[in-house]
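> Just one file: entry-v8.cif, with mmCIF, C-alpha atoms and all ligand atoms.
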```cif
data_coords
#
loop_
_atom_site.label_atom_id
_atom_site.label_comp_id
_atom_site.auth_asym_id
_atom_site.auth_seq_id
_atom_site.Cartn_x
_atom_site.Cartn_y
_atom_site.Cartn_z
CA MET S 14 -35.75 -12.95 12.63
CA ASN S 15 -37.16 -14.69 9.59
CA GLN S 16 -35.48 -18.09 9.23
CA ASP S 17 -36.00 -18.27 5.48
CA LYS S 18 -33.20 -16.69 3.52
CA ILE S 19 -34.28 -13.48 1.85
CA ASP S 20 -34.18 -13.80 -1.95
CA LEU S 21 -31.51 -11.45 -3.27
CA TYR S 22 -31.11 -12.71 -6.83
CA GLY S 23 -34.62 -11.76 -7.90
CA PRO S 24 -34.19 -8.12 -6.86
CA LEU S 25 -30.61 -8.06 -8.25
CA LYS S 26 -31.94 -9.04 -11.65
CA LYS S 27 -35.04 -6.85 -11.38
CA TYR S 28 -33.34 -3.62 -10.38
CA PHE S 29 -29.86 -3.94 -11.88
CA GLY S 30 -30.20 -6.57 -14.58
CA PHE S 31 -27.25 -8.54 -13.16
CA ASN S 32 -27.29 -12.32 -12.77
CA LYS S 33 -24.40 -12.53 -10.33
CA PHE S 34 -22.99 -10.63 -7.41
CA LYS S 35 -19.47 -9.33 -7.67
CA GLY S 36 -16.90 -10.40 -5.08
CA LEU S 37 -18.25 -10.12 -1.54
CA GLN S 38 -21.43 -8.27 -2.52
CA GLU S 39 -23.87 -11.06 -1.71
CA GLY S 40 -22.77 -11.39 1.90
CA VAL S 41 -22.82 -7.64 2.33
CA VAL S 42 -26.28 -7.20 0.85
CA ARG S 43 -27.59 -10.04 3.02
CA SER S 44 -26.07 -8.52 6.14
CA ILE S 45 -27.69 -5.17 5.41
CA ALA S 46 -31.00 -6.68 4.30
CA GLU S 47 -31.13 -8.51 7.63
CA GLY S 48 -30.63 -5.22 9.45
CA ASN S 49 -27.06 -5.49 10.75
CA ASP S 50 -24.42 -2.83 11.16
CA THR S 51 -22.05 -3.59 8.30
CA PHE S 52 -18.55 -2.43 7.41
CA VAL S 53 -17.40 -2.84 3.81
CA ILE S 54 -13.84 -2.43 2.61
CA MET S 55 -13.50 -2.93 -1.13
CA PRO S 56 -11.15 -1.41 -3.65
CA THR S 57 -12.43 1.26 -6.02
CA GLY S 58 -14.52 -0.32 -8.74
CA GLY S 59 -15.39 -3.24 -6.48
CA GLY S 60 -19.11 -2.42 -6.59
CA LYS S 61 -19.77 -0.79 -3.24
CA SER S 62 -22.77 1.27 -4.37
CA LEU S 63 -24.88 -1.78 -5.12
CA CYS S 64 -24.15 -3.08 -1.61
CA TYR S 65 -26.47 -0.43 -0.12
CA GLN S 66 -28.61 0.43 -3.13
CA LEU S 67 -30.05 -3.05 -3.50
CA PRO S 68 -31.11 -3.50 0.15
CA ALA S 69 -32.46 0.06 0.15
CA LEU S 70 -34.66 -0.75 -2.83
CA MET S 71 -35.83 -3.97 -1.17
CA LYS S 72 -36.64 -2.51 2.24
CA GLU S 73 -39.49 -0.44 3.60
CA GLY S 74 -38.62 3.16 4.29
CA THR S 75 -35.80 5.43 3.17
CA ALA S 76 -32.09 4.72 3.36
CA ILE S 77 -29.97 7.80 4.00
CA VAL S 78 -26.71 7.79 2.04
CA VAL S 79 -23.98 10.17 3.14
CA SER S 80 -21.48 10.96 0.43
CA PRO S 81 -18.86 13.73 0.20
CA LEU S 82 -19.23 14.79 -3.43
CA ILE S 83 -22.31 16.37 -4.96
CA ALA S 84 -21.30 15.27 -8.47
CA LEU S 85 -21.07 11.63 -7.39
CA MET S 86 -24.42 11.80 -5.61
CA LYS S 87 -26.10 13.23 -8.71
CA ASN S 88 -24.67 10.44 -10.89
CA GLN S 89 -26.00 7.80 -8.55
CA VAL S 90 -29.42 9.38 -8.25
CA ASP S 91 -29.73 9.56 -12.05
CA ALA S 92 -28.70 5.93 -12.36
CA ILE S 93 -31.24 4.77 -9.75
CA ARG S 94 -34.02 6.82 -11.32
CA GLY S 95 -33.24 5.07 -14.59
CA ILE S 96 -34.22 1.70 -13.12
CA SER S 97 -37.45 2.74 -11.45
CA GLU S 98 -40.82 3.86 -12.68
CA HIS S 99 -40.90 6.65 -10.11
CA GLN S 100 -38.58 9.67 -10.20
CA GLY S 101 -38.92 10.04 -6.46
CA VAL S 102 -37.25 6.71 -5.74
CA ALA S 103 -33.97 8.60 -5.19
CA HIS S 104 -33.34 12.18 -4.15
CA VAL S 105 -30.47 14.44 -3.22
CA LEU S 106 -31.02 16.77 -0.30
CA ASN S 107 -28.69 19.73 -0.39
CA SER S 108 -28.39 23.49 -0.13
CA SER S 109 -28.98 24.06 -3.84
CA LEU S 110 -32.66 23.03 -3.65
CA ASN S 111 -35.39 25.67 -3.51
CA LYS S 112 -38.43 25.52 -1.21
CA THR S 113 -40.65 23.73 -3.74
CA GLU S 114 -38.01 21.12 -4.45
CA ILE S 115 -37.47 20.50 -0.76
CA ASN S 116 -41.19 20.01 -0.22
CA ARG S 117 -41.29 17.53 -3.09
CA VAL S 118 -38.44 15.52 -1.50
CA LYS S 119 -40.16 15.60 1.87
CA SER S 120 -43.50 14.42 0.56
CA ASP S 121 -41.89 11.58 -1.43
CA ILE S 122 -40.16 10.43 1.75
CA GLU S 123 -43.37 10.71 3.80
CA ASN S 124 -45.24 8.71 1.20
CA GLY S 125 -42.69 5.90 1.25
CA ILE S 126 -41.69 6.49 -2.38
CA THR S 127 -38.10 7.49 -1.73
CA LYS S 128 -35.82 4.52 -1.13
CA LEU S 129 -32.52 6.39 -1.28
CA LEU S 130 -31.88 9.86 0.05
CA TYR S 131 -28.40 11.19 -0.69
CA VAL S 132 -27.10 13.90 1.60
CA ALA S 133 -23.84 15.73 2.06
CA PRO S 134 -22.69 15.57 5.67
CA GLU S 135 -22.98 19.34 6.13
CA SER S 136 -26.67 19.26 5.16
CA LEU S 137 -27.27 16.74 7.90
CA THR S 138 -26.19 19.24 10.52
CA LYS S 139 -29.24 21.38 9.80
CA ASP S 140 -31.85 21.11 12.55
CA GLU S 141 -34.62 21.53 10.05
CA TYR S 142 -33.62 18.33 8.22
CA VAL S 143 -32.81 16.38 11.37
CA ASP S 144 -36.22 17.23 12.88
CA PHE S 145 -37.95 16.10 9.72
CA LEU S 146 -35.98 12.86 9.25
CA LYS S 147 -36.49 11.92 12.89
CA GLU S 148 -40.21 11.47 12.17
CA GLN S 149 -39.66 9.28 9.08
CA ASN S 150 -39.26 5.58 8.51
CA ILE S 151 -35.50 5.28 7.94
CA SER S 152 -34.26 1.84 6.85
CA PHE S 153 -30.54 2.43 7.48
CA PHE S 154 -27.67 4.89 7.17
CA ALA S 155 -24.98 4.25 4.58
CA ILE S 156 -21.79 6.24 5.00
CA ASP S 157 -20.00 6.09 1.64
CA GLU S 158 -16.32 7.03 1.44
CA ALA S 159 -16.22 6.46 5.19
CA HIS S 160 -12.45 7.13 5.30
CA CYS S 161 -13.37 10.83 5.17
CA ILE S 162 -13.95 10.40 8.91
CA SER S 163 -10.27 9.78 9.58
CA GLU S 164 -7.38 12.18 9.64
CA TRP S 165 -5.29 9.19 8.59
CA GLY S 166 -7.25 8.89 5.37
CA HIS S 167 -6.33 10.73 2.20
CA ASP S 168 -9.47 12.85 2.18
CA PHE S 169 -10.35 13.97 5.69
CA ARG S 170 -13.66 15.88 6.04
CA PRO S 171 -14.25 17.26 9.52
CA GLU S 172 -18.06 17.17 9.06
CA TYR S 173 -17.88 13.38 8.90
CA ARG S 174 -16.80 13.26 12.54
CA ASN S 175 -20.24 14.38 13.78
CA LEU S 176 -22.18 11.77 11.90
CA ARG S 177 -22.64 9.36 14.77
CA LYS S 178 -24.33 12.00 16.92
CA ILE S 179 -26.63 13.05 14.11
CA ILE S 180 -27.55 9.47 13.31
CA GLU S 181 -28.46 8.95 16.96
CA ARG S 182 -30.71 11.97 16.88
CA ILE S 183 -32.50 10.70 13.79
CA GLY S 184 -33.08 7.20 15.02
CA ASN S 185 -31.75 3.87 16.11
CA VAL S 186 -31.13 2.30 12.71
CA PRO S 187 -28.35 0.12 11.28
CA ILE S 188 -25.21 1.86 10.04
CA ILE S 189 -23.31 0.79 6.95
CA GLY S 190 -19.79 2.13 6.44
CA LEU S 191 -18.09 1.74 3.07
CA THR S 192 -14.58 2.64 2.01
CA ALA S 193 -11.81 1.77 -0.43
CA THR S 194 -9.21 2.64 2.17
CA ALA S 195 -7.71 -0.46 3.64
CA THR S 196 -5.09 0.77 6.10
CA PRO S 197 -5.73 -0.66 9.57
CA LYS S 198 -5.42 2.81 11.18
CA VAL S 199 -8.19 4.30 9.07
CA GLN S 200 -10.38 1.26 9.66
CA GLU S 201 -9.99 1.54 13.42
CA ASP S 202 -10.87 5.21 13.22
CA ILE S 203 -14.01 4.52 11.23
CA ILE S 204 -15.18 1.79 13.59
CA LYS S 205 -14.51 3.94 16.63
CA THR S 206 -16.05 7.15 15.32
CA LEU S 207 -19.15 5.51 13.91
CA GLY S 208 -19.46 3.20 16.92
CA MET S 209 -19.46 0.09 14.76
CA ASN S 210 -17.70 -2.35 17.07
CA ASN S 211 -20.20 -5.10 16.45
CA ALA S 212 -20.57 -4.60 12.74
CA ASN S 213 -20.28 -7.47 10.28
CA THR S 214 -17.08 -6.68 8.46
CA PHE S 215 -16.37 -7.58 4.84
CA LYS S 216 -12.93 -6.89 3.46
CA ALA S 217 -12.04 -7.67 -0.12
CA SER S 218 -8.47 -8.26 -1.21
CA PHE S 219 -6.62 -5.19 -2.48
CA ASN S 220 -4.35 -7.21 -4.68
CA ARG S 221 -4.41 -6.14 -8.32
CA PRO S 222 -2.61 -9.08 -9.92
CA ASN S 223 -2.53 -7.60 -13.42
CA LEU S 224 -0.63 -4.47 -12.41
CA PHE S 225 3.15 -4.45 -12.77
CA TYR S 226 5.00 -2.21 -10.29
CA GLU S 227 8.37 -0.60 -10.95
CA VAL S 228 10.33 2.15 -9.23
CA LYS S 229 13.17 3.84 -11.08
CA PRO S 230 15.71 6.27 -9.74
CA LYS S 231 14.78 9.78 -10.84
CA THR S 232 17.69 11.40 -12.64
CA LYS S 233 18.00 14.47 -14.84
CA ASP S 234 16.99 12.19 -17.70
CA VAL S 235 13.57 11.46 -16.25
CA VAL S 236 11.71 13.13 -19.12
CA ALA S 237 13.72 11.20 -21.71
CA ASP S 238 12.96 8.02 -19.77
CA ILE S 239 9.25 8.81 -19.86
CA ILE S 240 9.31 9.56 -23.58
CA ARG S 241 11.10 6.30 -24.32
CA PHE S 242 8.61 4.37 -22.17
CA ILE S 243 5.62 5.87 -23.99
CA LYS S 244 7.12 5.44 -27.45
CA GLN S 245 7.44 1.72 -26.73
CA ARG S 246 3.65 1.65 -26.33
CA PRO S 247 2.23 3.46 -29.35
CA GLY S 248 -1.48 4.23 -29.17
CA LYS S 249 -1.81 3.04 -25.57
CA SER S 250 -3.66 5.14 -22.98
CA GLY S 251 -1.79 6.34 -19.94
CA VAL S 252 -1.75 8.88 -17.12
CA ILE S 253 1.31 10.71 -15.82
CA TYR S 254 1.07 12.27 -12.37
CA CYS S 255 3.14 15.32 -11.42
CA LEU S 256 3.18 17.24 -8.18
CA SER S 257 2.74 20.77 -9.54
CA ARG S 258 0.58 22.42 -12.18
CA LYS S 259 3.68 23.98 -13.66
CA LYS S 260 5.34 20.60 -14.14
CA VAL S 261 2.13 19.25 -15.68
CA GLU S 262 2.11 22.05 -18.28
CA GLU S 263 5.82 21.70 -19.02
CA LEU S 264 5.76 17.94 -19.39
CA ALA S 265 2.62 17.90 -21.52
CA GLN S 266 4.29 20.37 -23.86
CA THR S 267 7.54 18.44 -24.02
CA LEU S 268 5.64 15.27 -24.85
CA GLN S 269 3.71 17.06 -27.59
CA VAL S 270 6.92 18.42 -29.08
CA ASN S 271 8.21 14.86 -29.12
CA GLY S 272 5.27 13.65 -31.13
CA ILE S 273 3.27 12.15 -28.27
CA SER S 274 -0.45 12.82 -28.13
CA ALA S 275 -0.75 14.36 -24.65
CA LEU S 276 -2.83 16.94 -22.79
CA PRO S 277 -2.56 18.56 -19.36
CA TYR S 278 -5.13 18.34 -16.56
CA HIS S 279 -5.04 20.30 -13.32
CA ALA S 280 -7.29 22.43 -11.14
CA GLY S 281 -5.78 25.63 -12.56
CA LEU S 282 -7.35 25.04 -15.95
CA ASP S 283 -10.85 26.43 -16.50
CA ALA S 284 -13.69 23.94 -16.11
CA LYS S 285 -14.28 23.83 -19.86
CA SER S 286 -10.74 22.78 -20.76
CA ARG S 287 -10.69 20.31 -17.93
CA SER S 288 -13.79 18.49 -19.05
CA LYS S 289 -12.69 18.72 -22.70
CA HIS S 290 -9.31 17.14 -21.96
CA GLN S 291 -10.91 14.47 -19.83
CA ASP S 292 -13.48 13.64 -22.52
CA MET S 293 -10.80 13.49 -25.20
CA PHE S 294 -8.93 10.99 -23.07
CA LEU S 295 -12.04 8.89 -22.49
CA MET S 296 -12.90 8.99 -26.21
CA GLU S 297 -9.30 8.12 -27.15
CA ASP S 298 -8.73 11.35 -29.05
CA VAL S 299 -5.63 11.75 -26.94
CA ASP S 300 -3.37 9.00 -25.60
CA VAL S 301 -1.79 10.53 -22.54
CA ILE S 302 -3.04 12.80 -19.78
CA VAL S 303 -0.42 14.62 -17.73
CA ALA S 304 -2.10 15.54 -14.48
CA THR S 305 -1.99 16.58 -10.88
CA ILE S 306 -3.94 14.54 -8.34
CA ALA S 307 -6.99 16.58 -9.40
CA PHE S 308 -7.39 13.99 -12.16
CA GLY S 309 -9.00 10.63 -11.53
CA MET S 310 -11.85 10.81 -9.02
CA GLY S 311 -14.71 8.91 -10.58
CA ILE S 312 -12.94 8.30 -13.88
CA ASP S 313 -13.73 4.86 -15.15
CA LYS S 314 -11.66 4.23 -18.27
CA PRO S 315 -11.13 0.48 -18.39
CA ASP S 316 -8.09 0.29 -20.67
CA VAL S 317 -5.55 2.66 -19.12
CA ARG S 318 -2.32 0.76 -19.85
CA PHE S 319 0.15 2.70 -17.74
CA VAL S 320 0.32 5.13 -14.85
CA ILE S 321 3.59 6.97 -14.44
CA HIS S 322 4.52 8.98 -11.36
CA HIS S 323 6.93 11.69 -12.41
CA ASP S 324 6.86 12.68 -8.75
CA ILE S 325 6.33 10.24 -5.92
CA PRO S 326 3.02 10.86 -4.06
CA LYS S 327 2.71 11.78 -0.41
CA SER S 328 1.34 8.45 0.78
CA LEU S 329 1.11 4.82 -0.31
CA GLU S 330 -2.63 5.25 -0.08
CA SER S 331 -2.55 7.85 -2.85
CA TYR S 332 -0.09 5.74 -4.80
CA TYR S 333 -2.41 2.77 -4.65
CA GLN S 334 -5.46 4.84 -5.70
CA GLU S 335 -3.62 6.50 -8.57
CA THR S 336 -1.98 3.34 -9.93
CA GLY S 337 -5.32 1.59 -9.47
CA ARG S 338 -6.63 3.50 -12.48
CA ALA S 339 -4.51 1.26 -14.72
CA GLY S 340 -5.82 -2.05 -16.04
CA ARG S 341 -9.40 -1.83 -14.78
CA ASP S 342 -10.33 -4.32 -17.54
CA ASP S 343 -7.84 -6.81 -16.06
CA GLY S 344 -5.58 -6.28 -19.05
CA GLU S 345 -2.03 -4.97 -18.82
CA GLY S 346 -1.35 -2.15 -16.40
CA TYR S 347 2.17 -0.85 -15.92
CA CYS S 348 2.85 1.34 -12.89
CA LEU S 349 6.14 3.18 -13.08
CA ALA S 350 7.27 5.57 -10.37
CA PHE S 351 10.31 7.80 -10.48
CA TYR S 352 11.89 8.29 -7.10
CA ALA S 353 14.54 10.59 -5.68
CA TYR S 354 14.92 11.22 -1.96
CA LYS S 355 15.10 14.92 -2.80
CA ASP S 356 11.41 14.77 -3.69
CA ILE S 357 10.59 13.45 -0.24
CA GLU S 358 12.40 16.41 1.29
CA LYS S 359 10.39 18.70 -0.95
CA LEU S 360 7.15 17.17 0.29
CA GLU S 361 8.35 17.54 3.88
CA LYS S 362 9.00 21.23 3.23
CA PHE S 363 5.45 21.74 1.96
CA MET S 364 4.21 20.67 5.36
CA ALA S 365 6.41 23.07 7.32
CA ASN S 366 3.59 25.56 7.98
CA LYS S 367 1.06 23.00 9.08
CA PRO S 368 0.19 22.19 12.69
CA VAL S 369 2.65 19.82 14.37
CA SER S 370 0.20 16.93 14.53
CA GLU S 371 -0.35 17.14 10.79
CA GLN S 372 3.37 17.28 10.17
CA GLU S 373 3.95 14.17 12.21
CA LEU S 374 1.23 12.36 10.35
CA GLY S 375 2.54 13.50 6.98
CA HIS S 376 6.03 12.46 7.97
CA ALA S 377 4.88 8.97 8.99
CA LEU S 378 3.04 8.53 5.68
CA LEU S 379 6.10 9.68 3.75
CA GLN S 380 8.32 7.20 5.55
CA GLU S 381 6.12 4.43 4.18
CA VAL S 382 6.58 5.83 0.69
CA VAL S 383 10.36 5.84 1.20
CA GLY S 384 10.17 2.26 2.44
CA TYR S 385 8.24 1.20 -0.64
CA ALA S 386 10.53 2.99 -3.05
CA GLU S 387 13.70 1.66 -1.46
CA THR S 388 12.65 -1.88 -0.67
CA SER S 389 14.13 -4.83 -2.49
CA ILE S 390 11.33 -7.26 -1.67
CA SER S 391 8.22 -7.76 -3.78
CA ARG S 392 6.55 -4.37 -4.19
CA ARG S 393 3.17 -6.02 -4.22
CA GLN S 394 3.98 -7.68 -0.90
CA TYR S 395 5.07 -4.33 0.56
CA LEU S 396 1.98 -2.52 -0.67
CA LEU S 397 -0.43 -5.20 0.53
CA HIS S 398 1.33 -5.42 3.89
CA TYR S 399 0.68 -1.70 4.27
CA PHE S 400 -3.01 -2.49 3.78
CA GLY S 401 -2.89 -5.18 6.45
CA GLU S 402 -2.89 -8.01 3.94
CA GLU S 403 -0.47 -10.91 3.63
CA PHE S 404 0.94 -11.77 0.24
CA ASP S 405 3.00 -14.76 -0.81
CA PRO S 406 5.58 -13.32 -3.21
CA VAL S 407 6.31 -16.73 -4.73
CA ASN S 408 2.88 -18.25 -5.31
CA GLY S 409 0.47 -15.34 -4.74
CA LEU S 410 -1.63 -13.96 -7.57
CA GLY S 411 0.57 -11.45 -9.36
CA ALA S 412 3.85 -12.87 -8.06
CA LYS S 413 6.85 -11.70 -10.09
CA MET S 414 4.87 -8.74 -11.39
CA ASP S 415 7.29 -6.12 -10.14
CA ASP S 416 10.85 -5.03 -10.80
CA ASN S 417 12.27 -6.49 -7.57
CA THR S 418 11.03 -10.03 -7.93
CA LYS S 419 11.51 -10.11 -11.67
CA ASN S 420 15.15 -9.09 -11.35
CA PRO S 421 16.04 -9.83 -7.71
CA LYS S 422 18.83 -7.89 -6.08
CA LYS S 423 21.55 -9.42 -3.91
CA LYS S 424 20.16 -11.80 -1.34
CA THR S 425 21.54 -10.19 1.85
CA GLU S 426 20.01 -6.86 0.95
CA ALA S 427 16.63 -8.43 0.33
CA THR S 428 16.62 -10.34 3.64
CA ASP S 429 17.40 -7.12 5.48
CA CYS S 430 14.30 -5.49 4.14
CA VAL S 431 12.04 -8.42 4.95
CA VAL S 432 13.14 -8.11 8.55
CA LYS S 433 12.44 -4.39 8.50
CA LEU S 434 9.05 -4.85 6.88
CA LEU S 435 7.91 -7.44 9.38
CA LYS S 436 8.65 -5.05 12.21
CA VAL S 437 6.36 -2.33 10.87
P1 LIG S 501 -17.06 1.39 -6.02
O1 LIG S 501 -18.02 2.35 -5.39
O2 LIG S 501 -16.71 0.23 -5.15
O3 LIG S 501 -15.83 2.07 -6.56
P2 LIG S 501 -19.13 1.11 -7.99
O4 LIG S 501 -20.26 0.93 -7.05
O5 LIG S 501 -18.99 2.46 -8.60
O6 LIG S 501 -17.76 0.72 -7.29
O7 LIG S 501 -19.23 -0.03 -9.09
C1 LIG S 501 -18.24 -0.20 -10.07
C2 LIG S 501 -18.82 -0.86 -11.31
O8 LIG S 501 -19.18 -2.21 -11.06
C3 LIG S 501 -20.09 -0.18 -11.82
O9 LIG S 501 -19.94 0.02 -13.20
C4 LIG S 501 -21.17 -1.18 -11.52
O10 LIG S 501 -22.24 -1.09 -12.45
C5 LIG S 501 -20.46 -2.51 -11.63
N1 LIG S 501 -21.09 -3.58 -10.86
C6 LIG S 501 -21.45 -3.53 -9.56
N2 LIG S 501 -22.01 -4.69 -9.16
C7 LIG S 501 -22.02 -5.50 -10.22
C8 LIG S 501 -22.47 -6.86 -10.48
N3 LIG S 501 -23.01 -7.59 -9.50
N4 LIG S 501 -22.30 -7.36 -11.72
C9 LIG S 501 -21.75 -6.62 -12.69
N5 LIG S 501 -21.30 -5.35 -12.54
C10 LIG S 501 -21.42 -4.79 -11.33
MG MG S 502 -18.09 4.28 -4.67
#
```
Turn the structure described in the file into structure tokens.

Amino acid sequence: MNQDKIDLYGPLKKYFGFNKFKGLQEGVVRSIAEGNDTFVIMPTGGGKSLCYQLPALMKEGTAIVVSPLIALMKNQVDAIRGISEHQGVAHVLNSSLNKTEINRVKSDIENGITKLLYVAPESLTKDEYVDFLKEQNISFFAIDEAHCISEWGHDFRPEYRNLRKIIERIGNVPIIGLTATATPKVQEDIIKTLGMNNANTFKASFNRPNLFYEVKPKTKDVVADIIRFIKQRPGKSGVIYCLSRKKVEELAQTLQVNGISALPYHAGLDAKSRSKHQDMFLMEDVDVIVATIAFGMGIDKPDVRFVIHHDIPKSLESYYQETGRAGRDDGEGYCLAFYAYKDIEKLEKFMANKPVSEQELGHALLQEVVGYAETSISRRQYLLHYFGEEFDPVNGLGAKMDDNTKNPKKKTEATDCVVKLLKV
């Protein structure tokens, strides 16, 4: 191995125009540039893409990037093409390409022009592609959204489970796994399934010190509570999550009737309305989006000031992701969840027709949600503990930024819950 440290700042400036790395990026990029298996756990918005894009651009050969969503791949390819003089520097390989396009991709790879090849995991199962890639100079494999490998993650994709075998067929090259999912169970699953026991692991903190967490009992006045909350924040952007499309429509209408600028968003709307409502939110033509979980993937609005959960989500993982859309600019972000045990029972009922193993899993995840909603210790501490991270509720960053530590309950009650939490 070359003893001199590889220069990373030159390429960082050249390709991305940045002067500094963000968070743990430098160590990650160095690890990959030096050819090590590398496991990266960083919250959404942490800058994971650059972690593999930069070393891919620096290295000989083509890096293969596995990603679950075609739309996200296309965005990334466009962005990379924007910084290079050659269109072929990045390509997507998928089923929508015709013969000519596929040949173009292949020749760019053969000629060493393509530095990043994005593929959906299902495309990688095709023998035709595997046989071709096997003959090429592959710099490394990056598995983005690596939690898709795990049934414990919030977005399980069965095709991800075969990746290790396919990678082995293509060649003995370093593997990079990246995820925003921090639960220890999912991490173990990723390491095991991708065979990354000896990987350099980089885990960023999941603490979001600028977010305030509150849980309120959900009563029949929940809608009035929401209206009051919003009216105290005129002109501020916010998202309200509901479980069902019907509730989304109803609530959006009620808000409108009450003079709040709000629009619905759910998968039942046609694509045109969906993208119109989303754009209006991004352009600040509307203050509030009432949505199902269909809303949010890849949305990067920096000044969302509140996220309200009209219905509690089915896991703390989802809760963290959804509340994480508030305060991206490090400004105020208020996360208010309405909780009634009845809603947990409803979620349990939804699972009744699923296989037993799935029910057990869903039940375990829900119990964590109950624990969070009913705890009287610092909510931040509870949430971070769930992600395998310790938090000092007195001196930690973001201490006192939740209902429980701001207005502590009786001492005995609180001690009880600490004991319970530590046993988890
Ligand atoms: P993730 O995949 O972790 O959610 P992204 O890769 O999408 O995050 O990056 C989030 C944002 O951070 C992007 O807008 C990206 O341009 C920006 N970013 C990444 N690295 C840097 C850096 N070193 N300096 C400044 N901005 C950065
Ligand atoms: Mg990403």
> Given a cut-off of 7 Å, what residues near ligand LIG 501 (chain S) show up using all atoms listed in the file, put as an NGL selection string?
:S and (31 or 33-35 or 55-63 or 193)
> Which residues of range 309-392 of chain S sit at most 8 Å from range 243-250 of chain S, using all atoms listed in the file? Give each one's shortest atom pair and distance in Å (one decimal place), in chain and ascending residue order, as CSV.

```
residue,atom,partner,partner_atom,distance
S:Asp316,CA,S:Ser250,CA,7.0
S:Val317,CA,S:Ser250,CA,5.0
S:Arg318,CA,S:Ser250,CA,5.5
S:Phe319,CA,S:Ser250,CA,6.9
```
> If you keep C-alpha atoms, can you produce a file of those selected residues as an mmCIF file, in the frame of the given file?

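Contents of again-v6.cif, as written:
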```cif
data_model
loop_
_atom_site.group_PDB
_atom_site.id
_atom_site.type_symbol
_atom_site.label_atom_id
_atom_site.label_comp_id
_atom_site.auth_asym_id
_atom_site.auth_seq_id
_atom_site.Cartn_x
_atom_site.Cartn_y
_atom_site.Cartn_z
ATOM 1 C CA ASP S 316 -8.090 0.290 -20.670
ATOM 2 C CA VAL S 317 -5.550 2.660 -19.120
ATOM 3 C CA ARG S 318 -2.320 0.760 -19.850
ATOM 4 C CA PHE S 319 0.150 2.700 -17.740
#
```
> S:Arg341, S:Lys259, S:Arg392, S:His104: which is nearest Leu282 in chain S, counting only C-alpha atoms?
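Between S:Arg341, S:Lys259, S:Arg392, S:His104, the residue approaching Leu282 in chain S most closely is S:Lys259.
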> Could you tell me how far CA of His160 in chain S sits from CA of Val261 in chain S, in Å to one decimal place?
28.3 Å
> Do you know which residues are within 12 Å of ligand MG 502 (chain S) using all atoms listed in the file? Can you write them as a PDB file with C-alpha atoms, in the coordinates of the input?

```pdb
ATOM      1  CA  VAL S  53     -17.400  -2.840   3.810  1.00  0.00           C
ATOM      2  CA  ILE S  54     -13.840  -2.430   2.610  1.00  0.00           C
ATOM      3  CA  MET S  55     -13.500  -2.930  -1.130  1.00  0.00           C
ATOM      4  CA  PRO S  56     -11.150  -1.410  -3.650  1.00  0.00           C
ATOM      5  CA  THR S  57     -12.430   1.260  -6.020  1.00  0.00           C
ATOM      6  CA  GLY S  58     -14.520  -0.320  -8.740  1.00  0.00           C
ATOM      7  CA  GLY S  59     -15.390  -3.240  -6.480  1.00  0.00           C
ATOM      8  CA  GLY S  60     -19.110  -2.420  -6.590  1.00  0.00           C
ATOM      9  CA  LYS S  61     -19.770  -0.790  -3.240  1.00  0.00           C
ATOM     10  CA  SER S  62     -22.770   1.270  -4.370  1.00  0.00           C
ATOM     11  CA  LEU S  63     -24.880  -1.780  -5.120  1.00  0.00           C
ATOM     12  CA  CYS S  64     -24.150  -3.080  -1.610  1.00  0.00           C
ATOM     13  CA  TYR S  65     -26.470  -0.430  -0.120  1.00  0.00           C
ATOM     14  CA  GLN S  66     -28.610   0.430  -3.130  1.00  0.00           C
ATOM     15  CA  VAL S  78     -26.710   7.790   2.040  1.00  0.00           C
ATOM     16  CA  VAL S  79     -23.980  10.170   3.140  1.00  0.00           C
ATOM     17  CA  SER S  80     -21.480  10.960   0.430  1.00  0.00           C
ATOM     18  CA  PRO S  81     -18.860  13.730   0.200  1.00  0.00           C
ATOM     19  CA  LEU S  82     -19.230  14.790  -3.430  1.00  0.00           C
ATOM     20  CA  LEU S  85     -21.070  11.630  -7.390  1.00  0.00           C
ATOM     21  CA  MET S  86     -24.420  11.800  -5.610  1.00  0.00           C
ATOM     22  CA  ASN S  88     -24.670  10.440 -10.890  1.00  0.00           C
ATOM     23  CA  GLN S  89     -26.000   7.800  -8.550  1.00  0.00           C
ATOM     24  CA  ALA S 155     -24.980   4.250   4.580  1.00  0.00           C
ATOM     25  CA  ILE S 156     -21.790   6.240   5.000  1.00  0.00           C
ATOM     26  CA  ASP S 157     -20.000   6.090   1.640  1.00  0.00           C
ATOM     27  CA  GLU S 158     -16.320   7.030   1.440  1.00  0.00           C
ATOM     28  CA  ALA S 159     -16.220   6.460   5.190  1.00  0.00           C
ATOM     29  CA  HIS S 160     -12.450   7.130   5.300  1.00  0.00           C
ATOM     30  CA  GLY S 190     -19.790   2.130   6.440  1.00  0.00           C
ATOM     31  CA  LEU S 191     -18.090   1.740   3.070  1.00  0.00           C
ATOM     32  CA  THR S 192     -14.580   2.640   2.010  1.00  0.00           C
ATOM     33  CA  ALA S 193     -11.810   1.770  -0.430  1.00  0.00           C
ATOM     34  CA  THR S 194      -9.210   2.640   2.170  1.00  0.00           C
ATOM     35  CA  MET S 310     -11.850  10.810  -9.020  1.00  0.00           C
ATOM     36  CA  GLY S 311     -14.710   8.910 -10.580  1.00  0.00           C
ATOM     37  CA  ILE S 312     -12.940   8.300 -13.880  1.00  0.00           C
ATOM     38  CA  ASP S 313     -13.730   4.860 -15.150  1.00  0.00           C
TER      39      ASP S 313
END
```
> Distance cut-off 9 Å, centre (-0.7, 15.8, -13.1) in file coordinates, counting all atoms listed in the file: which residues qualify? Return them as number ranges by chain.
S: 252-258, 260-262, 277-279, 302-308, 322-323
